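> File final03.txt follows (compact mmCIF, N, CA and C atoms):
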# COMPACT_ATOMS: atom_id res chain seq x y z
N MET A 1 41.48 37.64 42.66
CA MET A 1 40.40 36.94 42.04
C MET A 1 39.62 36.14 43.06
N SER A 2 38.36 36.22 42.92
CA SER A 2 37.51 35.50 43.86
C SER A 2 36.72 34.44 43.10
N PHE A 3 36.71 33.25 43.63
CA PHE A 3 35.93 32.17 43.03
C PHE A 3 34.76 31.87 43.93
N GLU A 4 33.59 32.18 43.45
CA GLU A 4 32.40 31.87 44.22
C GLU A 4 31.71 30.68 43.61
N ARG A 5 31.13 29.94 44.47
CA ARG A 5 30.35 28.81 44.01
C ARG A 5 28.97 29.28 43.59
N SER A 6 28.58 28.94 42.36
CA SER A 6 27.24 29.34 41.93
C SER A 6 26.22 28.34 42.47
N ASN A 7 25.00 28.77 42.51
CA ASN A 7 23.94 27.90 43.01
C ASN A 7 23.75 26.65 42.15
N SER A 8 24.10 26.75 40.86
CA SER A 8 23.88 25.60 39.97
C SER A 8 24.86 24.47 40.22
N SER A 9 25.93 24.73 40.98
CA SER A 9 26.89 23.67 41.22
C SER A 9 26.68 22.99 42.57
N ARG A 10 25.56 23.30 43.21
CA ARG A 10 25.27 22.66 44.49
C ARG A 10 25.17 21.16 44.32
N PRO A 11 25.81 20.41 45.18
CA PRO A 11 25.64 18.97 45.09
C PRO A 11 24.18 18.62 45.41
N GLY A 12 23.67 17.71 44.69
CA GLY A 12 22.29 17.28 44.95
C GLY A 12 21.25 17.94 44.06
N ARG A 13 21.61 19.03 43.43
CA ARG A 13 20.63 19.72 42.61
C ARG A 13 20.18 18.84 41.44
N PHE A 14 21.12 18.18 40.82
CA PHE A 14 20.79 17.34 39.67
C PHE A 14 20.57 15.89 40.07
N ARG A 15 20.82 15.56 41.30
CA ARG A 15 20.60 14.19 41.74
C ARG A 15 19.12 13.84 41.76
N LYS A 16 18.27 14.78 41.94
CA LYS A 16 16.83 14.52 42.00
C LYS A 16 16.25 14.22 40.62
N TRP A 17 16.89 14.71 39.58
CA TRP A 17 16.35 14.51 38.23
C TRP A 17 16.26 13.03 37.85
N PRO A 18 17.30 12.20 38.02
CA PRO A 18 17.15 10.78 37.67
C PRO A 18 16.01 10.11 38.43
N CYS A 19 15.83 10.49 39.67
CA CYS A 19 14.73 9.91 40.46
C CYS A 19 13.39 10.35 39.88
N GLY A 20 13.26 11.60 39.52
CA GLY A 20 12.03 12.10 38.92
C GLY A 20 11.77 11.46 37.57
N LEU A 21 12.82 11.28 36.79
CA LEU A 21 12.69 10.63 35.50
C LEU A 21 12.26 9.18 35.67
N PHE A 22 12.81 8.52 36.67
CA PHE A 22 12.44 7.14 36.97
C PHE A 22 10.96 7.06 37.33
N LEU A 23 10.49 7.95 38.18
CA LEU A 23 9.08 7.94 38.59
C LEU A 23 8.16 8.27 37.40
N LEU A 24 8.59 9.16 36.55
CA LEU A 24 7.81 9.49 35.36
C LEU A 24 7.71 8.29 34.43
N THR A 25 8.81 7.56 34.28
CA THR A 25 8.81 6.34 33.45
C THR A 25 7.88 5.30 34.02
N ILE A 26 7.91 5.11 35.33
CA ILE A 26 7.02 4.14 35.97
C ILE A 26 5.57 4.54 35.77
N LEU A 27 5.25 5.80 35.93
CA LEU A 27 3.88 6.28 35.74
C LEU A 27 3.42 6.04 34.31
N ALA A 28 4.27 6.32 33.34
CA ALA A 28 3.92 6.09 31.93
C ALA A 28 3.67 4.61 31.69
N ALA A 29 4.50 3.75 32.26
CA ALA A 29 4.33 2.31 32.08
C ALA A 29 3.02 1.83 32.69
N VAL A 30 2.67 2.36 33.85
CA VAL A 30 1.41 1.96 34.51
C VAL A 30 0.22 2.37 33.66
N LEU A 31 0.30 3.50 32.99
CA LEU A 31 -0.81 3.98 32.19
C LEU A 31 -0.89 3.29 30.83
N VAL A 32 0.24 2.95 30.23
CA VAL A 32 0.26 2.41 28.87
C VAL A 32 0.18 0.90 28.82
N LEU A 33 0.89 0.20 29.68
CA LEU A 33 0.98 -1.26 29.59
C LEU A 33 -0.36 -1.99 29.67
N PRO A 34 -1.31 -1.58 30.50
CA PRO A 34 -2.58 -2.31 30.50
C PRO A 34 -3.31 -2.23 29.17
N ALA A 35 -3.04 -1.23 28.36
CA ALA A 35 -3.71 -1.08 27.07
C ALA A 35 -3.10 -1.95 25.99
N LEU A 36 -1.89 -2.47 26.22
CA LEU A 36 -1.23 -3.29 25.21
C LEU A 36 -1.78 -4.71 25.24
N PRO A 37 -1.96 -5.31 24.07
CA PRO A 37 -2.44 -6.69 24.02
C PRO A 37 -1.39 -7.64 24.58
N GLU A 38 -1.85 -8.77 25.11
CA GLU A 38 -0.94 -9.73 25.70
C GLU A 38 -0.54 -10.79 24.69
N GLY A 39 0.64 -11.34 24.88
CA GLY A 39 1.09 -12.47 24.08
C GLY A 39 1.67 -12.06 22.75
N PRO A 40 2.26 -13.03 22.06
CA PRO A 40 2.82 -12.75 20.74
C PRO A 40 1.71 -12.45 19.74
N PRO A 41 2.03 -11.74 18.65
CA PRO A 41 0.99 -11.34 17.70
C PRO A 41 0.14 -12.49 17.20
N HIS A 42 0.75 -13.64 16.86
CA HIS A 42 -0.04 -14.73 16.31
C HIS A 42 -0.95 -15.37 17.35
N ALA A 43 -0.61 -15.26 18.64
CA ALA A 43 -1.45 -15.88 19.68
C ALA A 43 -2.72 -15.08 19.90
N ARG A 44 -2.65 -13.76 19.75
CA ARG A 44 -3.83 -12.95 20.05
C ARG A 44 -4.68 -12.67 18.82
N THR A 45 -4.23 -13.08 17.63
CA THR A 45 -4.98 -12.76 16.42
C THR A 45 -5.42 -13.98 15.64
N ILE A 46 -5.21 -15.16 16.18
CA ILE A 46 -5.49 -16.37 15.41
C ILE A 46 -6.96 -16.48 15.03
N GLU A 47 -7.84 -15.94 15.85
CA GLU A 47 -9.26 -16.04 15.54
C GLU A 47 -9.67 -15.19 14.34
N GLU A 48 -8.79 -14.34 13.87
CA GLU A 48 -9.13 -13.47 12.75
C GLU A 48 -9.06 -14.18 11.40
N LEU A 49 -8.30 -15.25 11.30
CA LEU A 49 -8.21 -16.00 10.05
C LEU A 49 -9.15 -17.21 10.13
N PRO A 50 -9.74 -17.60 9.01
CA PRO A 50 -10.67 -18.72 9.02
C PRO A 50 -10.00 -20.04 9.41
N ALA A 51 -10.78 -20.90 10.03
CA ALA A 51 -10.27 -22.21 10.43
C ALA A 51 -9.84 -22.99 9.20
N GLY A 52 -8.86 -23.81 9.38
CA GLY A 52 -8.36 -24.64 8.30
C GLY A 52 -7.02 -25.21 8.68
N PRO A 53 -6.52 -26.14 7.89
CA PRO A 53 -5.25 -26.79 8.24
C PRO A 53 -4.07 -25.83 8.26
N MET A 54 -4.14 -24.72 7.59
CA MET A 54 -3.01 -23.78 7.55
C MET A 54 -3.26 -22.53 8.39
N GLN A 55 -4.33 -22.48 9.15
CA GLN A 55 -4.66 -21.28 9.93
C GLN A 55 -3.52 -20.88 10.86
N VAL A 56 -3.02 -21.81 11.64
CA VAL A 56 -1.98 -21.49 12.62
C VAL A 56 -0.69 -21.08 11.91
N LYS A 57 -0.32 -21.80 10.88
CA LYS A 57 0.93 -21.46 10.18
C LYS A 57 0.81 -20.14 9.44
N ALA A 58 -0.35 -19.88 8.84
CA ALA A 58 -0.54 -18.60 8.14
C ALA A 58 -0.49 -17.45 9.14
N THR A 59 -1.12 -17.61 10.27
CA THR A 59 -1.11 -16.56 11.28
C THR A 59 0.30 -16.34 11.81
N ALA A 60 1.01 -17.42 12.10
CA ALA A 60 2.37 -17.28 12.62
C ALA A 60 3.29 -16.61 11.61
N ALA A 61 3.18 -16.98 10.34
CA ALA A 61 4.07 -16.42 9.32
C ALA A 61 3.73 -14.96 9.02
N CYS A 62 2.46 -14.64 8.98
CA CYS A 62 2.04 -13.31 8.54
C CYS A 62 1.98 -12.28 9.67
N ALA A 63 1.52 -12.72 10.85
CA ALA A 63 1.30 -11.77 11.95
C ALA A 63 2.60 -11.31 12.61
N GLU A 64 3.72 -11.84 12.19
CA GLU A 64 4.98 -11.33 12.71
C GLU A 64 5.23 -9.90 12.21
N CYS A 65 4.66 -9.57 11.04
CA CYS A 65 4.89 -8.25 10.47
C CYS A 65 3.64 -7.38 10.38
N HIS A 66 2.48 -8.01 10.23
CA HIS A 66 1.26 -7.20 10.12
C HIS A 66 0.07 -7.97 10.67
N GLU A 67 -1.00 -7.25 10.92
CA GLU A 67 -2.21 -7.86 11.45
C GLU A 67 -2.88 -8.71 10.39
N PRO A 68 -3.53 -9.79 10.79
CA PRO A 68 -4.26 -10.62 9.83
C PRO A 68 -5.33 -9.84 9.06
N ARG A 69 -5.77 -8.73 9.60
CA ARG A 69 -6.76 -7.89 8.92
C ARG A 69 -6.28 -7.51 7.51
N ILE A 70 -4.98 -7.36 7.34
CA ILE A 70 -4.42 -7.03 6.03
C ILE A 70 -4.71 -8.15 5.04
N ILE A 71 -4.62 -9.39 5.50
CA ILE A 71 -4.89 -10.54 4.63
C ILE A 71 -6.38 -10.64 4.33
N VAL A 72 -7.17 -10.51 5.38
CA VAL A 72 -8.62 -10.69 5.28
C VAL A 72 -9.24 -9.73 4.25
N GLN A 73 -8.65 -8.58 4.07
CA GLN A 73 -9.18 -7.58 3.15
C GLN A 73 -8.88 -7.88 1.68
N GLN A 74 -7.93 -8.79 1.44
CA GLN A 74 -7.49 -9.06 0.07
C GLN A 74 -8.47 -9.97 -0.68
N ARG A 75 -8.51 -9.80 -1.96
CA ARG A 75 -9.25 -10.68 -2.87
C ARG A 75 -8.36 -10.90 -4.09
N LEU A 76 -7.49 -11.92 -4.01
CA LEU A 76 -6.49 -12.14 -5.05
C LEU A 76 -6.68 -13.50 -5.71
N THR A 77 -6.23 -13.61 -6.93
CA THR A 77 -6.23 -14.90 -7.63
C THR A 77 -5.13 -15.77 -7.02
N LYS A 78 -5.15 -17.05 -7.37
CA LYS A 78 -4.12 -17.97 -6.86
C LYS A 78 -2.73 -17.52 -7.33
N ALA A 79 -2.63 -17.07 -8.58
CA ALA A 79 -1.34 -16.59 -9.09
C ALA A 79 -0.87 -15.36 -8.30
N ALA A 80 -1.79 -14.47 -7.98
CA ALA A 80 -1.44 -13.27 -7.22
C ALA A 80 -1.04 -13.63 -5.79
N TRP A 81 -1.74 -14.60 -5.19
CA TRP A 81 -1.37 -15.05 -3.84
C TRP A 81 0.02 -15.69 -3.86
N THR A 82 0.32 -16.43 -4.91
CA THR A 82 1.65 -17.04 -5.02
C THR A 82 2.72 -15.96 -5.06
N LYS A 83 2.51 -14.93 -5.87
CA LYS A 83 3.47 -13.81 -5.94
C LYS A 83 3.59 -13.12 -4.58
N GLU A 84 2.45 -12.94 -3.92
CA GLU A 84 2.44 -12.25 -2.62
C GLU A 84 3.20 -13.06 -1.57
N VAL A 85 2.96 -14.36 -1.51
CA VAL A 85 3.66 -15.22 -0.54
C VAL A 85 5.16 -15.23 -0.85
N ASP A 86 5.52 -15.35 -2.11
CA ASP A 86 6.94 -15.34 -2.49
C ASP A 86 7.60 -14.02 -2.09
N LYS A 87 6.90 -12.91 -2.30
CA LYS A 87 7.44 -11.60 -1.92
C LYS A 87 7.63 -11.52 -0.41
N MET A 88 6.66 -12.01 0.35
CA MET A 88 6.76 -11.95 1.81
C MET A 88 7.89 -12.84 2.32
N ILE A 89 8.11 -13.96 1.67
CA ILE A 89 9.23 -14.83 2.06
C ILE A 89 10.55 -14.10 1.81
N LYS A 90 10.65 -13.39 0.69
CA LYS A 90 11.87 -12.62 0.40
C LYS A 90 12.07 -11.53 1.44
N TRP A 91 10.96 -11.00 1.98
CA TRP A 91 11.04 -9.94 2.99
C TRP A 91 11.24 -10.50 4.40
N GLY A 92 11.26 -11.84 4.52
CA GLY A 92 11.58 -12.42 5.82
C GLY A 92 10.50 -13.28 6.46
N ALA A 93 9.36 -13.46 5.82
CA ALA A 93 8.33 -14.32 6.40
C ALA A 93 8.86 -15.74 6.51
N LEU A 94 8.62 -16.35 7.65
CA LEU A 94 9.12 -17.70 7.89
C LEU A 94 8.08 -18.72 7.44
N VAL A 95 8.26 -19.21 6.22
CA VAL A 95 7.37 -20.21 5.64
C VAL A 95 8.25 -21.37 5.19
N GLU A 96 7.97 -22.54 5.73
CA GLU A 96 8.71 -23.74 5.32
C GLU A 96 8.40 -24.01 3.85
N SER A 97 9.39 -24.46 3.11
CA SER A 97 9.16 -24.74 1.68
C SER A 97 8.09 -25.81 1.49
N ALA A 98 7.97 -26.74 2.44
CA ALA A 98 6.94 -27.78 2.36
C ALA A 98 5.53 -27.20 2.56
N ASP A 99 5.44 -26.03 3.19
CA ASP A 99 4.13 -25.41 3.45
C ASP A 99 3.73 -24.37 2.41
N HIS A 100 4.64 -24.03 1.51
CA HIS A 100 4.39 -22.95 0.54
C HIS A 100 3.10 -23.15 -0.24
N ASP A 101 2.96 -24.28 -0.91
CA ASP A 101 1.78 -24.50 -1.76
C ASP A 101 0.50 -24.59 -0.94
N ALA A 102 0.57 -25.23 0.23
CA ALA A 102 -0.61 -25.33 1.09
C ALA A 102 -1.04 -23.95 1.60
N LEU A 103 -0.07 -23.09 1.88
CA LEU A 103 -0.39 -21.74 2.33
C LEU A 103 -1.06 -20.95 1.21
N VAL A 104 -0.53 -21.05 0.00
CA VAL A 104 -1.14 -20.36 -1.14
C VAL A 104 -2.56 -20.89 -1.37
N ASP A 105 -2.75 -22.20 -1.27
CA ASP A 105 -4.09 -22.78 -1.42
C ASP A 105 -5.05 -22.26 -0.35
N TYR A 106 -4.57 -22.20 0.90
CA TYR A 106 -5.40 -21.70 2.01
C TYR A 106 -5.81 -20.25 1.76
N LEU A 107 -4.85 -19.42 1.38
CA LEU A 107 -5.15 -18.00 1.15
C LEU A 107 -6.07 -17.80 -0.05
N SER A 108 -5.82 -18.51 -1.13
CA SER A 108 -6.65 -18.32 -2.32
C SER A 108 -8.05 -18.91 -2.12
N ALA A 109 -8.18 -19.95 -1.29
CA ALA A 109 -9.51 -20.51 -1.02
C ALA A 109 -10.34 -19.56 -0.15
N ASN A 110 -9.70 -18.93 0.82
CA ASN A 110 -10.43 -18.07 1.75
C ASN A 110 -10.50 -16.61 1.33
N PHE A 111 -9.53 -16.16 0.57
CA PHE A 111 -9.46 -14.75 0.19
C PHE A 111 -9.20 -14.60 -1.31
N GLY A 112 -9.83 -15.46 -2.08
CA GLY A 112 -9.65 -15.46 -3.52
C GLY A 112 -10.49 -14.38 -4.20
N ALA A 113 -10.22 -14.22 -5.48
CA ALA A 113 -10.93 -13.21 -6.27
C ALA A 113 -12.41 -13.53 -6.41
N ASP A 114 -12.78 -14.80 -6.21
CA ASP A 114 -14.18 -15.20 -6.33
C ASP A 114 -14.98 -15.01 -5.03
N GLN A 115 -14.31 -14.57 -3.96
CA GLN A 115 -14.99 -14.34 -2.69
C GLN A 115 -15.71 -13.00 -2.70
N PRO A 116 -16.77 -12.87 -1.89
CA PRO A 116 -17.46 -11.57 -1.82
C PRO A 116 -16.52 -10.48 -1.31
N PRO A 117 -16.77 -9.26 -1.67
CA PRO A 117 -15.90 -8.15 -1.22
C PRO A 117 -15.82 -8.09 0.31
N TYR A 118 -14.70 -7.65 0.80
CA TYR A 118 -14.49 -7.50 2.23
C TYR A 118 -15.40 -6.40 2.76
N GLU A 119 -16.03 -6.68 3.89
CA GLU A 119 -16.86 -5.68 4.55
C GLU A 119 -16.28 -5.44 5.93
N ALA A 120 -15.80 -4.24 6.16
CA ALA A 120 -15.16 -3.92 7.43
C ALA A 120 -16.18 -3.94 8.56
N PRO A 121 -15.78 -4.43 9.74
CA PRO A 121 -16.69 -4.41 10.88
C PRO A 121 -16.96 -2.97 11.29
N ARG A 122 -18.16 -2.73 11.72
CA ARG A 122 -18.52 -1.38 12.17
C ARG A 122 -18.10 -1.20 13.61
N SER A 123 -17.67 -0.01 13.92
CA SER A 123 -17.29 0.30 15.29
C SER A 123 -18.55 0.55 16.12
N ALA A 124 -18.42 0.52 17.42
CA ALA A 124 -19.55 0.77 18.31
C ALA A 124 -20.12 2.16 18.06
N LEU A 125 -19.27 3.14 17.78
CA LEU A 125 -19.73 4.50 17.53
C LEU A 125 -20.58 4.55 16.27
N ALA A 126 -20.17 3.84 15.23
CA ALA A 126 -20.94 3.83 13.98
C ALA A 126 -22.30 3.18 14.20
N LYS A 127 -22.37 2.15 15.03
CA LYS A 127 -23.64 1.50 15.32
C LYS A 127 -24.58 2.45 16.04
N VAL A 128 -24.05 3.20 17.01
CA VAL A 128 -24.87 4.16 17.76
C VAL A 128 -25.38 5.25 16.83
N GLU A 129 -24.52 5.76 15.95
CA GLU A 129 -24.92 6.82 15.04
C GLU A 129 -25.96 6.34 14.04
N SER A 130 -25.84 5.09 13.57
CA SER A 130 -26.83 4.59 12.62
C SER A 130 -28.17 4.38 13.30
N LYS A 131 -28.18 4.02 14.59
CA LYS A 131 -29.44 3.89 15.33
C LYS A 131 -30.10 5.24 15.51
N LYS A 132 -29.30 6.29 15.75
CA LYS A 132 -29.85 7.63 15.91
C LYS A 132 -30.49 8.11 14.61
N LYS A 133 -29.85 7.79 13.47
CA LYS A 133 -30.39 8.21 12.17
C LYS A 133 -31.69 7.47 11.86
N ALA A 134 -31.78 6.22 12.31
CA ALA A 134 -32.96 5.41 12.04
C ALA A 134 -34.18 5.91 12.78
N LYS A 135 -33.99 6.58 13.90
CA LYS A 135 -35.12 7.06 14.73
C LYS A 135 -35.76 8.26 14.17
Spit out the file's structure as structure tokens when you get a sec.


Amino acid sequence: MSFERSNSSRPGRFRKWPCGLFLLTILAAVLVLPALPEGPPHARTIEELPAGPMQVKATAACAECHEPRIIVQQRLTKAAWTKEVDKMIKWGALVESADHDALVDYLSANFGADQPPYEAPRSALAKVESKKKAK
């Protein structure tokens, strides 16, 4: 019986793969990381909620799970906002019990059923296309 060494068992053949994988990971990080927003969610989105005494707390509590845009689009009654805040607290939103009523007041004052309907901002592409149609 003869035992020959196959080419696939050469030392070093698979040693290059971890190095290549490492370089590929670094390249992906260089391409993707600059596109990611900086800072915690509530720090980079605070300007999206209207100013008020509960702006910072509302942003901190809500932006841990979703963008403030989700809130801004709502038009709910005070009772509906109360149910929504209670539901979010059950799902893990960090709202101090002392802030509960003030948060509901803030949300219902700014995003209540009596507010005008939400109008989504237009993208730059939509603006260009509407200018072309106008000409």

> When you draw a straight line from atom C of A:Trp81 to atom C of A:Leu103, how long is it in Å?

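Between these atoms lies a distance of 7.4 Å.
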
> If I take atom CA of A:Pro53 and atom CA of A:Ile70, how far is one from the other in Å, to one decimal?

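Value for the atom CA of A:Pro53-atom CA of A:Ile70 distance: 19.9 Å.
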
> Quick one: residues within 7 Å of (8.3, -7.8, 9.3) (file frame), counting all atoms listed in the file, please, as a ChimeraX atom specification.

/A:64-66,91-93

> Might you pull out every residue within 8 Å of stretch 78-80 of chain A, with all atoms listed in the file counted and same-chain residues fewer than 2 positions away left off, and present them as a list in words?

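Returned residues: Arg75, Leu76, Thr82, Lys83, Glu84, Val85, Asp86, Val104, Asp105, Leu107, Ser108, Ala109, Phe111, Gly112 and Ala113 of chain A.
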
> Go through A:Leu49, A:Leu94, A:Ile89, A:Ala102 and flag the residue nearest A:Pro68, using only C-alpha atoms for the distances.

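Of the candidates, the smallest distance to A:Pro68 is held by A:Leu49.
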
> Give me, please, the distance in Å between atom N of A:Met54 and atom N of A:Asp101, quoted to one decimal.

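Result for atom N of A:Met54 versus atom N of A:Asp101: 11.1 Å, one decimal.
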
> Report, as AutoDock Vina command-line options, the centre and edge lengths in Å (one decimal) of the axis-aligned box enclosing every listed atom of stretch 97-109 of chain A, padded by 8 Å on each side.


--center_x -0.5 --center_y -22.8 --center_z 0.6 --size_x 35.7 --size_y 26.0 --size_z 21.8

> With all atoms listed in the file as the basis for distance, which of A:Val72, A:Ala98, A:Ala63, A:Met88 is at the shortest distance from A:Glu48?

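Among A:Val72, A:Ala98, A:Ala63, A:Met88, it is A:Val72 that comes nearest to A:Glu48.
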
> Would you please work out which residue, of A:Ala58, A:Gly52, A:Thr25, A:Pro121, is nearest to A:His100 when using only C-alpha atoms?

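Of the candidates, the smallest distance to A:His100 is held by A:Ala58.
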